[in-house]
$ cat structure-v2.cif   # mmCIF, C-alpha atoms and all ligand atoms
data_protein
loop_
_atom_site.group_PDB
_atom_site.id
_atom_site.type_symbol
_atom_site.label_atom_id
_atom_site.label_comp_id
_atom_site.auth_asym_id
_atom_site.auth_seq_id
_atom_site.Cartn_x
_atom_site.Cartn_y
_atom_site.Cartn_z
ATOM 1 C CA MET A 79 -33.360 11.266 -18.373
ATOM 2 C CA THR A 80 -31.964 9.119 -15.577
ATOM 3 C CA THR A 81 -31.855 5.331 -15.812
ATOM 4 C CA THR A 82 -31.951 3.089 -12.795
ATOM 5 C CA GLY A 83 -29.553 0.648 -14.415
ATOM 6 C CA ALA A 84 -29.465 -3.146 -14.305
ATOM 7 C CA PRO A 85 -30.269 -4.590 -10.841
ATOM 8 C CA TYR A 86 -27.460 -7.155 -11.170
ATOM 9 C CA ALA A 87 -24.129 -6.106 -12.691
ATOM 10 C CA PRO A 88 -21.511 -8.725 -11.719
ATOM 11 C CA PHE A 89 -19.225 -7.640 -14.583
ATOM 12 C CA MET A 90 -18.515 -4.363 -12.716
ATOM 13 C CA ASP A 91 -16.367 -6.065 -10.069
ATOM 14 C CA PRO A 92 -13.372 -8.293 -10.875
ATOM 15 C CA ARG A 93 -14.319 -10.589 -7.950
ATOM 16 C CA THR A 94 -17.682 -11.450 -9.494
ATOM 17 C CA ALA A 95 -17.051 -10.901 -13.220
ATOM 18 C CA HIS A 96 -15.598 -14.369 -13.820
ATOM 19 C CA PRO A 97 -16.801 -17.780 -12.637
ATOM 20 C CA PRO A 98 -16.947 -19.137 -10.001
ATOM 21 C CA GLY A 99 -17.225 -15.613 -8.435
ATOM 22 C CA VAL A 100 -19.134 -16.818 -5.367
ATOM 23 C CA SER A 101 -19.783 -14.798 -2.220
ATOM 24 C CA PRO A 102 -21.523 -15.536 1.096
ATOM 25 C CA LEU A 103 -25.305 -15.174 1.094
ATOM 26 C CA ASP A 104 -27.350 -13.937 4.052
ATOM 27 C CA PRO A 105 -29.765 -16.885 4.641
ATOM 28 C CA ALA A 106 -32.636 -14.384 5.025
ATOM 29 C CA ALA A 107 -31.924 -13.141 1.463
ATOM 30 C CA TRP A 108 -32.278 -16.612 -0.144
ATOM 31 C CA LEU A 109 -35.313 -15.628 -2.225
ATOM 32 C CA VAL A 110 -35.910 -12.353 -4.013
ATOM 33 C CA VAL A 111 -39.058 -10.478 -4.962
ATOM 34 C CA ASP A 112 -37.817 -8.215 -7.750
ATOM 35 C CA PRO A 113 -39.843 -5.598 -9.667
ATOM 36 C CA ASP A 114 -40.427 -8.209 -12.427
ATOM 37 C CA TYR A 115 -42.099 -10.607 -9.938
ATOM 38 C CA ALA A 116 -45.719 -10.356 -11.191
ATOM 39 C CA PRO A 117 -45.090 -10.812 -14.944
ATOM 40 C CA GLN A 118 -42.559 -13.584 -14.345
ATOM 41 C CA MET A 119 -44.957 -15.407 -11.993
ATOM 42 C CA ALA A 120 -47.800 -15.172 -14.543
ATOM 43 C CA GLN A 121 -45.541 -16.859 -17.107
ATOM 44 C CA ARG A 122 -44.423 -19.486 -14.574
ATOM 45 C CA ASP A 123 -48.056 -20.288 -13.674
ATOM 46 C CA ARG A 124 -48.824 -20.849 -17.375
ATOM 47 C CA LEU A 125 -45.752 -22.995 -18.028
ATOM 48 C CA ILE A 126 -46.366 -25.184 -14.984
ATOM 49 C CA ALA A 127 -50.031 -25.621 -15.977
ATOM 50 C CA ASP A 128 -49.379 -26.299 -19.684
ATOM 51 C CA ALA A 129 -45.895 -27.830 -19.890
ATOM 52 C CA ALA A 130 -45.192 -29.467 -16.523
ATOM 53 C CA GLU A 131 -43.437 -32.390 -18.235
ATOM 54 C CA ILE A 132 -40.870 -29.942 -19.707
ATOM 55 C CA VAL A 133 -40.394 -27.619 -16.737
ATOM 56 C CA THR A 134 -40.367 -30.155 -13.882
ATOM 57 C CA SER A 135 -38.479 -33.415 -13.543
ATOM 58 C CA ALA A 136 -37.233 -35.734 -10.783
ATOM 59 C CA THR A 137 -35.418 -39.045 -10.431
ATOM 60 C CA GLU A 138 -37.125 -41.901 -8.601
ATOM 61 C CA ASP A 139 -34.905 -41.495 -5.527
ATOM 62 C CA ALA A 140 -35.631 -37.749 -5.103
ATOM 63 C CA GLY A 141 -38.617 -38.184 -2.717
ATOM 64 C CA PRO A 142 -36.922 -37.481 0.651
ATOM 65 C CA ALA A 143 -35.027 -34.464 -0.748
ATOM 66 C CA LEU A 144 -38.208 -33.047 -2.291
ATOM 67 C CA ALA A 145 -40.060 -33.453 1.015
ATOM 68 C CA GLU A 146 -37.283 -31.641 2.878
ATOM 69 C CA PHE A 147 -37.063 -28.916 0.213
ATOM 70 C CA ARG A 148 -40.806 -28.289 0.473
ATOM 71 C CA ALA A 149 -40.662 -28.014 4.280
ATOM 72 C CA VAL A 150 -37.607 -25.703 4.253
ATOM 73 C CA LEU A 151 -39.152 -23.505 1.549
ATOM 74 C CA LEU A 152 -42.503 -23.117 3.343
ATOM 75 C CA ASP A 153 -40.730 -22.407 6.613
ATOM 76 C CA HIS A 154 -38.656 -19.700 4.911
ATOM 77 C CA LEU A 155 -41.728 -18.153 3.231
ATOM 78 C CA ALA A 156 -43.680 -18.121 6.501
ATOM 79 C CA ARG A 157 -40.866 -16.178 8.206
ATOM 80 C CA ASP A 158 -40.163 -13.893 5.251
ATOM 81 C CA GLY A 159 -43.282 -11.735 5.551
ATOM 82 C CA ARG A 160 -43.857 -11.159 1.814
ATOM 83 C CA TRP A 161 -45.775 -14.451 1.435
ATOM 84 C CA ARG A 162 -48.710 -15.512 3.668
ATOM 85 C CA VAL A 163 -48.673 -19.240 4.314
ATOM 86 C CA GLY A 164 -52.186 -20.419 5.199
ATOM 87 C CA ARG A 165 -53.592 -23.904 5.837
ATOM 88 C CA ALA A 166 -54.674 -24.635 2.250
ATOM 89 C CA ALA A 167 -52.916 -21.993 0.172
ATOM 90 C CA VAL A 168 -50.107 -19.441 0.083
ATOM 91 C CA LEU A 169 -50.832 -15.799 -0.735
ATOM 92 C CA ARG A 170 -48.026 -14.545 -2.971
ATOM 93 C CA PRO A 171 -46.474 -11.055 -3.019
ATOM 94 C CA ASP A 172 -48.540 -10.362 -6.189
ATOM 95 C CA ASP A 173 -51.734 -11.327 -4.268
ATOM 96 C CA ALA A 174 -52.307 -14.557 -6.238
ATOM 97 C CA GLU A 175 -53.220 -17.679 -4.233
ATOM 98 C CA THR A 176 -51.246 -20.877 -4.793
ATOM 99 C CA PRO A 177 -52.771 -24.096 -3.409
ATOM 100 C CA LEU A 178 -50.661 -26.179 -1.017
ATOM 101 C CA SER A 179 -52.012 -29.346 -2.672
ATOM 102 C CA LEU A 180 -49.366 -28.965 -5.422
ATOM 103 C CA ASP A 181 -46.291 -31.211 -5.345
ATOM 104 C CA ALA A 182 -42.990 -29.687 -4.138
ATOM 105 C CA LEU A 183 -41.650 -28.724 -7.583
ATOM 106 C CA ARG A 184 -44.873 -27.155 -8.909
ATOM 107 C CA LEU A 185 -45.402 -25.374 -5.596
ATOM 108 C CA ALA A 186 -41.876 -23.899 -5.509
ATOM 109 C CA GLY A 187 -42.105 -22.923 -9.171
ATOM 110 C CA ARG A 188 -45.390 -21.092 -8.605
ATOM 111 C CA LEU A 189 -44.366 -19.308 -5.406
ATOM 112 C CA CYS A 190 -40.888 -18.097 -6.326
ATOM 113 C CA GLN A 191 -39.232 -16.303 -9.201
ATOM 114 C CA GLU A 192 -36.317 -18.707 -8.765
ATOM 115 C CA ASP A 193 -35.959 -21.894 -10.721
ATOM 116 C CA PHE A 194 -34.624 -24.653 -8.461
ATOM 117 C CA CYS A 195 -32.319 -27.600 -9.135
ATOM 118 C CA LEU A 196 -31.632 -30.208 -6.435
ATOM 119 C CA LEU A 197 -28.225 -31.890 -6.430
ATOM 120 C CA ALA A 198 -27.410 -34.888 -4.242
ATOM 121 C CA PRO A 199 -23.948 -35.711 -2.908
ATOM 122 C CA GLY A 200 -22.603 -39.150 -3.817
ATOM 123 C CA ALA A 201 -21.989 -42.042 -1.412
ATOM 124 C CA ASP A 202 -18.245 -41.338 -1.626
ATOM 125 C CA PRO A 203 -17.168 -37.782 -0.630
ATOM 126 C CA ALA A 204 -15.050 -37.714 -3.805
ATOM 127 C CA ASP A 205 -18.164 -38.145 -5.994
ATOM 128 C CA GLU A 206 -19.567 -35.108 -7.745
ATOM 129 C CA HIS A 207 -23.020 -33.827 -6.796
ATOM 130 C CA ARG A 208 -25.674 -35.134 -9.203
ATOM 131 C CA LEU A 209 -28.870 -33.471 -10.435
ATOM 132 C CA ILE A 210 -31.874 -35.338 -8.985
ATOM 133 C CA ALA A 211 -34.786 -32.916 -9.460
ATOM 134 C CA GLY A 212 -35.726 -29.478 -10.672
ATOM 135 C CA VAL A 213 -38.308 -26.936 -11.678
ATOM 136 C CA LEU A 214 -36.884 -24.955 -14.578
ATOM 137 C CA CYS A 215 -39.199 -22.445 -16.281
ATOM 138 C CA PHE A 216 -36.544 -20.088 -17.648
ATOM 139 C CA PRO A 217 -33.736 -22.269 -19.018
ATOM 140 C CA SER A 218 -30.982 -20.512 -20.877
ATOM 141 C CA ARG A 219 -30.704 -23.021 -23.773
ATOM 142 C CA TRP A 220 -30.715 -26.308 -21.852
ATOM 143 C CA MET A 221 -33.172 -29.010 -20.910
ATOM 144 C CA LEU A 222 -33.837 -30.427 -17.487
ATOM 145 C CA SER A 223 -34.738 -33.902 -18.789
ATOM 146 C CA GLU A 224 -31.421 -34.139 -20.636
ATOM 147 C CA LYS A 225 -29.293 -33.211 -17.596
ATOM 148 C CA LEU A 226 -31.304 -35.152 -14.975
ATOM 149 C CA GLY A 227 -29.225 -37.812 -13.214
ATOM 150 C CA ARG A 228 -25.915 -36.345 -14.412
ATOM 151 C CA PRO A 229 -23.064 -35.174 -12.161
ATOM 152 C CA LEU A 230 -21.822 -31.553 -12.364
ATOM 153 C CA THR A 231 -19.028 -31.957 -14.915
ATOM 154 C CA PRO A 232 -21.114 -33.904 -17.466
ATOM 155 C CA ILE A 233 -23.923 -31.342 -16.960
ATOM 156 C CA HIS A 234 -21.460 -28.652 -18.094
ATOM 157 C CA ARG A 235 -20.080 -30.677 -21.044
ATOM 158 C CA PRO A 236 -20.875 -27.950 -23.672
ATOM 159 C CA VAL A 237 -19.303 -25.144 -21.568
ATOM 160 C CA PRO A 238 -15.815 -24.300 -22.928
ATOM 161 C CA GLY A 239 -13.077 -24.679 -20.313
ATOM 162 C CA TYR A 240 -15.407 -25.955 -17.553
ATOM 163 C CA ALA A 241 -13.779 -29.376 -17.112
ATOM 164 C CA GLU A 242 -10.244 -27.928 -17.235
ATOM 165 C CA ASN A 243 -10.634 -24.686 -15.265
ATOM 166 C CA LEU A 244 -13.771 -24.824 -13.155
ATOM 167 C CA SER A 245 -14.872 -28.330 -12.260
ATOM 168 C CA ALA A 246 -12.351 -28.950 -9.444
ATOM 169 C CA ARG A 247 -13.121 -25.559 -7.862
ATOM 170 C CA VAL A 248 -16.900 -26.014 -8.142
ATOM 171 C CA ASN A 249 -16.679 -29.525 -6.657
ATOM 172 C CA ARG A 250 -14.629 -28.243 -3.702
ATOM 173 C CA LEU A 251 -17.144 -25.486 -3.160
ATOM 174 C CA PHE A 252 -20.019 -28.005 -3.183
ATOM 175 C CA ALA A 253 -18.206 -30.360 -0.812
ATOM 176 C CA ALA A 254 -17.561 -27.540 1.676
ATOM 177 C CA LEU A 255 -21.061 -26.030 1.547
ATOM 178 C CA ARG A 256 -22.620 -25.886 5.043
ATOM 179 C CA PRO A 257 -26.381 -25.617 5.686
ATOM 180 C CA ASP A 258 -25.950 -22.418 7.717
ATOM 181 C CA ARG A 259 -23.598 -20.761 5.198
ATOM 182 C CA PRO A 260 -25.284 -20.457 1.786
ATOM 183 C CA LEU A 261 -23.476 -18.930 -1.194
ATOM 184 C CA MET A 262 -24.408 -16.933 -4.267
ATOM 185 C CA ARG A 263 -23.024 -15.927 -7.637
ATOM 186 C CA VAL A 264 -24.406 -14.085 -10.662
ATOM 187 C CA ASN A 265 -23.978 -15.428 -14.194
ATOM 188 C CA TRP A 266 -24.319 -12.899 -17.046
ATOM 189 C CA LEU A 267 -24.501 -12.694 -20.818
ATOM 190 C CA VAL A 268 -25.978 -10.494 -23.535
ATOM 191 C CA TRP A 269 -28.526 -11.797 -25.973
ATOM 192 C CA PRO A 270 -30.599 -10.489 -28.891
ATOM 193 C CA THR A 271 -33.816 -11.568 -27.139
ATOM 194 C CA ASP A 272 -35.619 -11.121 -23.831
ATOM 195 C CA MET A 273 -37.282 -14.535 -24.115
ATOM 196 C CA LEU A 274 -37.157 -16.285 -20.738
ATOM 197 C CA HIS A 275 -38.215 -19.857 -21.571
ATOM 198 C CA MET A 276 -35.614 -21.301 -23.934
ATOM 199 C CA PRO A 277 -35.298 -25.080 -23.575
ATOM 200 C CA GLN A 278 -32.744 -26.488 -26.035
ATOM 201 C CA SER A 279 -31.063 -29.840 -26.381
ATOM 202 C CA GLU A 280 -27.275 -29.785 -26.222
ATOM 203 C CA THR A 281 -27.174 -31.860 -29.402
ATOM 204 C CA ALA A 282 -29.346 -29.369 -31.319
ATOM 205 C CA LYS A 283 -28.379 -25.904 -30.131
ATOM 206 C CA THR A 284 -29.582 -23.139 -32.418
ATOM 207 C CA PRO A 285 -28.960 -19.393 -32.221
ATOM 208 C CA VAL A 286 -31.532 -17.651 -30.061
ATOM 209 C CA PRO A 287 -34.344 -16.060 -32.118
ATOM 210 C CA ALA A 288 -33.151 -12.459 -32.443
ATOM 211 C CA VAL A 289 -35.120 -9.215 -32.253
ATOM 212 C CA PRO A 290 -33.281 -7.149 -34.929
ATOM 213 C CA GLY A 291 -31.069 -4.403 -33.525
ATOM 214 C CA ARG A 292 -31.954 -5.020 -29.882
ATOM 215 C CA PHE A 293 -30.020 -6.619 -27.048
ATOM 216 C CA TRP A 294 -30.691 -7.567 -23.438
ATOM 217 C CA LEU A 295 -28.429 -8.232 -20.487
ATOM 218 C CA ARG A 296 -29.456 -11.599 -19.038
ATOM 219 C CA THR A 297 -28.341 -12.261 -15.479
ATOM 220 C CA GLU A 298 -28.908 -15.305 -13.310
ATOM 221 C CA ARG A 299 -28.687 -14.740 -9.541
ATOM 222 C CA GLN A 300 -27.711 -18.228 -8.437
ATOM 223 C CA THR A 301 -27.920 -19.405 -4.825
ATOM 224 C CA LEU A 302 -26.508 -22.541 -3.232
ATOM 225 C CA ARG A 303 -27.788 -23.917 0.060
ATOM 226 C CA ARG A 304 -27.509 -27.356 1.595
ATOM 227 C CA LEU A 305 -30.557 -28.993 3.190
ATOM 228 C CA PRO A 306 -29.543 -30.131 6.697
ATOM 229 C CA GLU A 307 -31.253 -33.577 6.757
ATOM 230 C CA THR A 308 -30.704 -35.118 3.308
ATOM 231 C CA GLY A 309 -27.546 -33.098 2.543
ATOM 232 C CA VAL A 310 -28.967 -32.230 -0.881
ATOM 233 C CA VAL A 311 -27.918 -28.869 -2.367
ATOM 234 C CA VAL A 312 -30.653 -26.521 -3.595
ATOM 235 C CA PHE A 313 -29.430 -24.414 -6.518
ATOM 236 C CA GLY A 314 -31.716 -21.407 -7.092
ATOM 237 C CA ILE A 315 -31.663 -19.396 -10.330
ATOM 238 C CA LYS A 316 -33.398 -15.994 -10.591
ATOM 239 C CA THR A 317 -33.256 -14.748 -14.179
ATOM 240 C CA THR A 318 -33.464 -11.039 -14.986
ATOM 241 C CA VAL A 319 -33.515 -9.482 -18.458
ATOM 242 C CA THR A 320 -32.694 -5.783 -18.864
ATOM 243 C CA PRO A 321 -32.612 -3.925 -22.211
ATOM 244 C CA ILE A 322 -29.074 -2.578 -22.689
ATOM 245 C CA GLU A 323 -30.553 0.915 -23.175
ATOM 246 C CA ASP A 324 -31.512 0.806 -19.478
ATOM 247 C CA LEU A 325 -27.944 0.313 -18.219
ATOM 248 C CA THR A 326 -26.197 3.268 -16.590
ATOM 249 C CA PRO A 327 -23.314 4.731 -18.625
ATOM 250 C CA ALA A 328 -20.836 3.090 -16.210
ATOM 251 C CA GLN A 329 -22.581 -0.302 -16.581
ATOM 252 C CA ARG A 330 -22.520 -0.012 -20.382
ATOM 253 C CA ALA A 331 -18.794 0.694 -20.333
ATOM 254 C CA GLY A 332 -18.146 -2.102 -17.817
ATOM 255 C CA LEU A 333 -20.217 -4.594 -19.787
ATOM 256 C CA ARG A 334 -18.483 -3.709 -23.055
ATOM 257 C CA ALA A 335 -15.040 -4.093 -21.478
ATOM 258 C CA ALA A 336 -15.961 -7.466 -19.925
ATOM 259 C CA LEU A 337 -17.443 -8.745 -23.204
ATOM 260 C CA ALA A 338 -14.429 -7.591 -25.214
ATOM 261 C CA GLU A 339 -12.240 -9.831 -23.001
ATOM 262 C CA LYS A 340 -14.173 -13.042 -23.818
ATOM 263 C CA ALA A 341 -12.156 -15.828 -25.365
ATOM 264 C CA GLU A 342 -13.123 -17.044 -28.840
ATOM 265 C CA ALA A 343 -14.475 -20.361 -27.487
ATOM 266 C CA GLU A 344 -16.792 -18.522 -25.067
ATOM 267 C CA VAL A 345 -18.021 -16.255 -27.888
ATOM 268 C CA GLY A 346 -18.752 -19.342 -29.986
ATOM 269 C CA TYR A 347 -20.609 -21.016 -27.100
ATOM 270 C CA SER A 348 -22.857 -18.030 -26.353
ATOM 271 C CA SER A 349 -23.772 -15.782 -29.288
ATOM 272 C CA GLY A 350 -21.297 -16.429 -32.111
ATOM 273 C CA ARG A 351 -18.834 -13.870 -33.529
ATOM 274 C CA ASP A 352 -21.278 -11.802 -35.650
ATOM 275 C CA VAL A 353 -23.788 -11.209 -32.855
ATOM 276 C CA HIS A 354 -20.915 -10.571 -30.429
ATOM 277 C CA GLU A 355 -19.552 -7.788 -32.706
ATOM 278 C CA ALA A 356 -23.039 -6.296 -33.056
ATOM 279 C CA ILE A 357 -23.413 -6.244 -29.243
ATOM 280 C CA LEU A 358 -20.032 -4.508 -28.826
ATOM 281 C CA ALA A 359 -21.053 -1.922 -31.436
ATOM 282 C CA ALA A 360 -24.410 -1.339 -29.717
ATOM 283 C CA LEU A 361 -22.638 -0.771 -26.393
ATOM 284 C CA ALA A 362 -20.026 1.626 -27.830
HETATM 285 C C1 LIG A 401 -20.521 -22.490 -8.522
HETATM 286 C C2 LIG A 401 -21.232 -23.246 -9.300
HETATM 287 C C3 LIG A 401 -21.304 -23.148 -10.804
HETATM 288 C C4 LIG A 401 -20.491 -22.498 -11.696
HETATM 289 C C5 LIG A 401 -19.237 -21.691 -11.416
HETATM 290 C C6 LIG A 401 -21.058 -22.710 -13.013
HETATM 291 C C7 LIG A 401 -20.543 -22.199 -14.185
HETATM 292 C C8 LIG A 401 -21.164 -22.231 -15.412
HETATM 293 C C9 LIG A 401 -20.744 -21.505 -16.581
HETATM 294 C C10 LIG A 401 -19.529 -20.592 -16.646
HETATM 295 C C11 LIG A 401 -21.625 -21.774 -17.560
HETATM 296 C C12 LIG A 401 -21.606 -21.162 -18.958
HETATM 297 C C13 LIG A 401 -22.596 -20.024 -18.867
HETATM 298 C C14 LIG A 401 -22.559 -18.958 -19.884
HETATM 299 O O1 LIG A 401 -21.549 -18.630 -20.490
HETATM 300 O O2 LIG A 401 -23.636 -18.392 -20.004
HETATM 301 C C15 LIG A 401 -22.596 -22.700 -17.035
HETATM 302 C C16 LIG A 401 -23.641 -23.231 -17.739
HETATM 303 C C17 LIG A 401 -24.501 -24.156 -17.241
HETATM 304 N N1 LIG A 401 -24.612 -24.544 -15.916
HETATM 305 FE FE1 LIG A 401 -23.384 -24.053 -14.423
HETATM 306 N N2 LIG A 401 -22.176 -23.482 -12.893
HETATM 307 C C18 LIG A 401 -22.358 -23.772 -11.568
HETATM 308 C C19 LIG A 401 -23.361 -24.532 -11.022
HETATM 309 C C20 LIG A 401 -24.300 -25.204 -11.754
HETATM 310 C C21 LIG A 401 -25.263 -26.107 -11.184
HETATM 311 C C22 LIG A 401 -25.414 -26.453 -9.702
HETATM 312 C C23 LIG A 401 -26.019 -26.566 -12.199
HETATM 313 C C24 LIG A 401 -27.129 -27.561 -12.012
HETATM 314 C C25 LIG A 401 -28.143 -27.707 -12.777
HETATM 315 C C26 LIG A 401 -25.532 -25.938 -13.424
HETATM 316 C C27 LIG A 401 -26.037 -26.126 -14.692
HETATM 317 C C28 LIG A 401 -25.589 -25.485 -15.834
HETATM 318 C C29 LIG A 401 -26.148 -25.731 -17.153
HETATM 319 C C30 LIG A 401 -27.245 -26.717 -17.486
HETATM 320 C C31 LIG A 401 -25.467 -24.902 -18.043
HETATM 321 C C32 LIG A 401 -25.695 -24.843 -19.548
HETATM 322 C C33 LIG A 401 -24.903 -25.997 -20.151
HETATM 323 C C34 LIG A 401 -25.226 -26.244 -21.613
HETATM 324 O O3 LIG A 401 -24.918 -25.372 -22.443
HETATM 325 O O4 LIG A 401 -25.782 -27.312 -21.910
HETATM 326 N N3 LIG A 401 -24.500 -25.110 -13.099
HETATM 327 N N4 LIG A 401 -22.311 -22.957 -15.713
#
$ encode --input "structure-v2.cif" --output "structure tokens"
Amino acid sequence: MTTTGAPYAPFMDPRTAHPPGVSPLDPAAWLVVDPDYAPQMAQRDRLIADAAEIVTSATEDAGPALAEFRAVLLDHLARDGRWRVGRAAVLRPDDAETPLSLDALRLAGRLCQEDFCLLAPGADPADEHRLIAGVLCFPSRWMLSEKLGRPLTPIHRPVPGYAENLSARVNRLFAALRPDRPLMRVNWLVWPTDMLHMPQSETAKTPVPAVPGRFWLRTERQTLRRLPETGVVVFGIKTTVTPIEDLTPAQRAGLRAALAEKAEAEVGYSSGRDVHEAILAALA
């Protein structure tokens, strides 16, 4: 039996295995339509209909950025070819119609597999970018409402080593981001669940509900592009879950080696020592 492997495997290359691990992104490849498009979109439609107050959020000053985001997104979709932008609705790649009467966040969330977070630069160039709006259907144990309004370093407060090792580099990367030169990176971890929608408060983090004996690689293809008018950065997050049985033998070995290198604090932040050992054993 041949396996096709995981579509995203950043742990296979030392340049992308560790954060920040960013590379240039072809602007035409901003948005993906992966093989999991239809089932993910069905779940996004439901979440946006039933739980909009959890999956969308914006500060009062986000209006101009949201208007620009909506225009840039629709322009991109119209050129892309996989979506059909009409006068009253957009026909999606899975042949569902999404009405253009929706607000920018609901519209983006129901047209794209990506979750989107909008981050505004501060008045002073030395200020960190701050989260002003988002549509977040597939959070990996965080909550939009809790992070809204915060700058990048306080957003990452629970992440071990972020303030010491990453924040200065991420801030430089944000400051230098040009509208015509978007960037991407892929975050990865292994979890005992394939659940996509996992909102959790940082003050009440619990282990993810585990499916006994099973593990999934969870990757987030993250894109960064600056809107030319407002200067706001659009951070896109496409989540993919792949059962570890579907990895190629080389990916399994690469994933195991990369996991085995994780520092104790990172293990504690993600799965905890016991689950981590079980994942290593399952990948052996
Ligand atoms: C180059 C840019 C960025 C880098 C290198 C980065 C890095 C990281 C890392 C290493 C983690 C821990 C992930 C894990 O082990 O699974 C993390 C978590 C997180 N990141 Fe980022 N990040 C970046 C941009 C952003 C942006 C723009 C946002 C805006 C919303 C964001 C929001 C978060 C959140 C909410 C978490 C979870 C924090 C928690 O546990 O409460 N990140 N990030």
$ residues_near_ligand --input "structure-v2.cif" --ligand "ligand LIG 401 (chain A)" --cutoff "6 Å" --atoms "only C-alpha atoms and all ligand atoms" --output "PyMOL selection string"
chain A and resi 97-98+195+220+233-234+236-237+248+267+280+313
$ resolve_selection --input "structure-v2.cif" --expression "the PyMOL selection byres (((chain A and resi 146-160) around 10) and not hetatm)" --output "number ranges by chain"
A: 105-111, 141-145, 161-164, 168-173, 178, 181-183, 185-186, 189-190, 194, 196, 304-312
$ residues_around --input "structure-v2.cif" --residues "region 204-213 of chain A" --least-positions-apart "2" --cutoff "9 Å" --atoms "only C-alpha atoms" --output "PyMOL selection string"
chain A and resi 126+130+132-140+143-144+183-184+186-187+192-202+215+222+225-231+233+249+252-253+310-311
$ resolve_selection --input "structure-v2.cif" --expression "the PyMOL selection byres (((chain A and resi 333-346) around 8) and not hetatm)" --output "short mmCIF file (atom, residue, chain, number, x, y, z; two decimals) with C-alpha atoms, in the frame of the given file"
data_model
loop_
_atom_site.label_atom_id
_atom_site.label_comp_id
_atom_site.auth_asym_id
_atom_site.auth_seq_id
_atom_site.Cartn_x
_atom_site.Cartn_y
_atom_site.Cartn_z
CA PHE A 89 -19.23 -7.64 -14.58
CA MET A 90 -18.52 -4.36 -12.72
CA ALA A 95 -17.05 -10.90 -13.22
CA VAL A 237 -19.30 -25.14 -21.57
CA PRO A 238 -15.82 -24.30 -22.93
CA GLN A 329 -22.58 -0.30 -16.58
CA ARG A 330 -22.52 -0.01 -20.38
CA ALA A 331 -18.79 0.69 -20.33
CA GLY A 332 -18.15 -2.10 -17.82
CA TYR A 347 -20.61 -21.02 -27.10
CA SER A 348 -22.86 -18.03 -26.35
CA SER A 349 -23.77 -15.78 -29.29
CA GLY A 350 -21.30 -16.43 -32.11
CA ARG A 351 -18.83 -13.87 -33.53
CA HIS A 354 -20.92 -10.57 -30.43
CA LEU A 358 -20.03 -4.51 -28.83
CA LEU A 361 -22.64 -0.77 -26.39
CA ALA A 362 -20.03 1.63 -27.83
#
$ residues_around --input "structure-v2.cif" --residues "Pro287 (chain A)" --least-positions-apart "6" --cutoff "9 Å" --atoms "all atoms listed in the file" --output "list in words"
Pro270, Thr271 and Met273 of chain A
$ atom_distance --input "structure-v2.cif" --atom1 "CA of Gly83 (chain A)" --atom2 "CA of Thr297 (chain A)"
13.0 Å
$ resolve_selection --input "structure-v2.cif" --expression "the PyMOL selection byres (((chain A and resi 118) around 10) and not hetatm)" --output "ChimeraX atom specification"
/A:112-117,119-123,188,190-192,215-216,274,317-318
$ closest_residue --input "structure-v2.cif" --among "A:Pro290, A:Lys283, A:Trp266, A:Pro321" --to "Tyr86 (chain A)" --atoms "all atoms listed in the file"
A:Trp266
$ axis_aligned_box --input "structure-v2.cif" --around "region 247-262 of chain A" --padding-each-side "8 Å" --output "lines of an AutoDock Vina configuration file"
center_x = -19.8
center_y = -23.6
center_z = -0.2
size_x = 29.3
size_y = 29.4
size_z = 31.9
$ atom_distance --input "structure-v2.cif" --atom1 "CA of His96 (chain A)" --atom2 "CA of Arg299 (chain A)"
13.8 Å
$ closest_residue --input "structure-v2.cif" --among "A:Asp91, A:Val100, A:Asn265, A:Glu323" --to "Arg247 (chain A)" --atoms "all atoms listed in the file"
A:Val100
$ closest_residue --input "structure-v2.cif" --among "A:Thr301, A:Ser223, A:Gly291, A:Ile315" --to "Ala360 (chain A)" --atoms "all atoms listed in the file"
A:Gly291
$ residues_around --input "structure-v2.cif" --residues "Pro102 (chain A)" --least-positions-apart "5" --cutoff "10 Å" --atoms "only C-alpha atoms" --output "JSON, numbers by chain"
{"A": [259, 260, 261, 262, 263, 301, 302]}
$ write_last_selection --input "structure-v2.cif" --atoms "C-alpha atoms" --output "tab-separated table (two decimals), in the frame of the given file"
chain	number	residue	atom	x	y	z
A	259	ARG	CA	-23.60	-20.76	5.20
A	260	PRO	CA	-25.28	-20.46	1.79
A	261	LEU	CA	-23.48	-18.93	-1.19
A	262	MET	CA	-24.41	-16.93	-4.27
A	263	ARG	CA	-23.02	-15.93	-7.64
A	301	THR	CA	-27.92	-19.40	-4.82
A	302	LEU	CA	-26.51	-22.54	-3.23
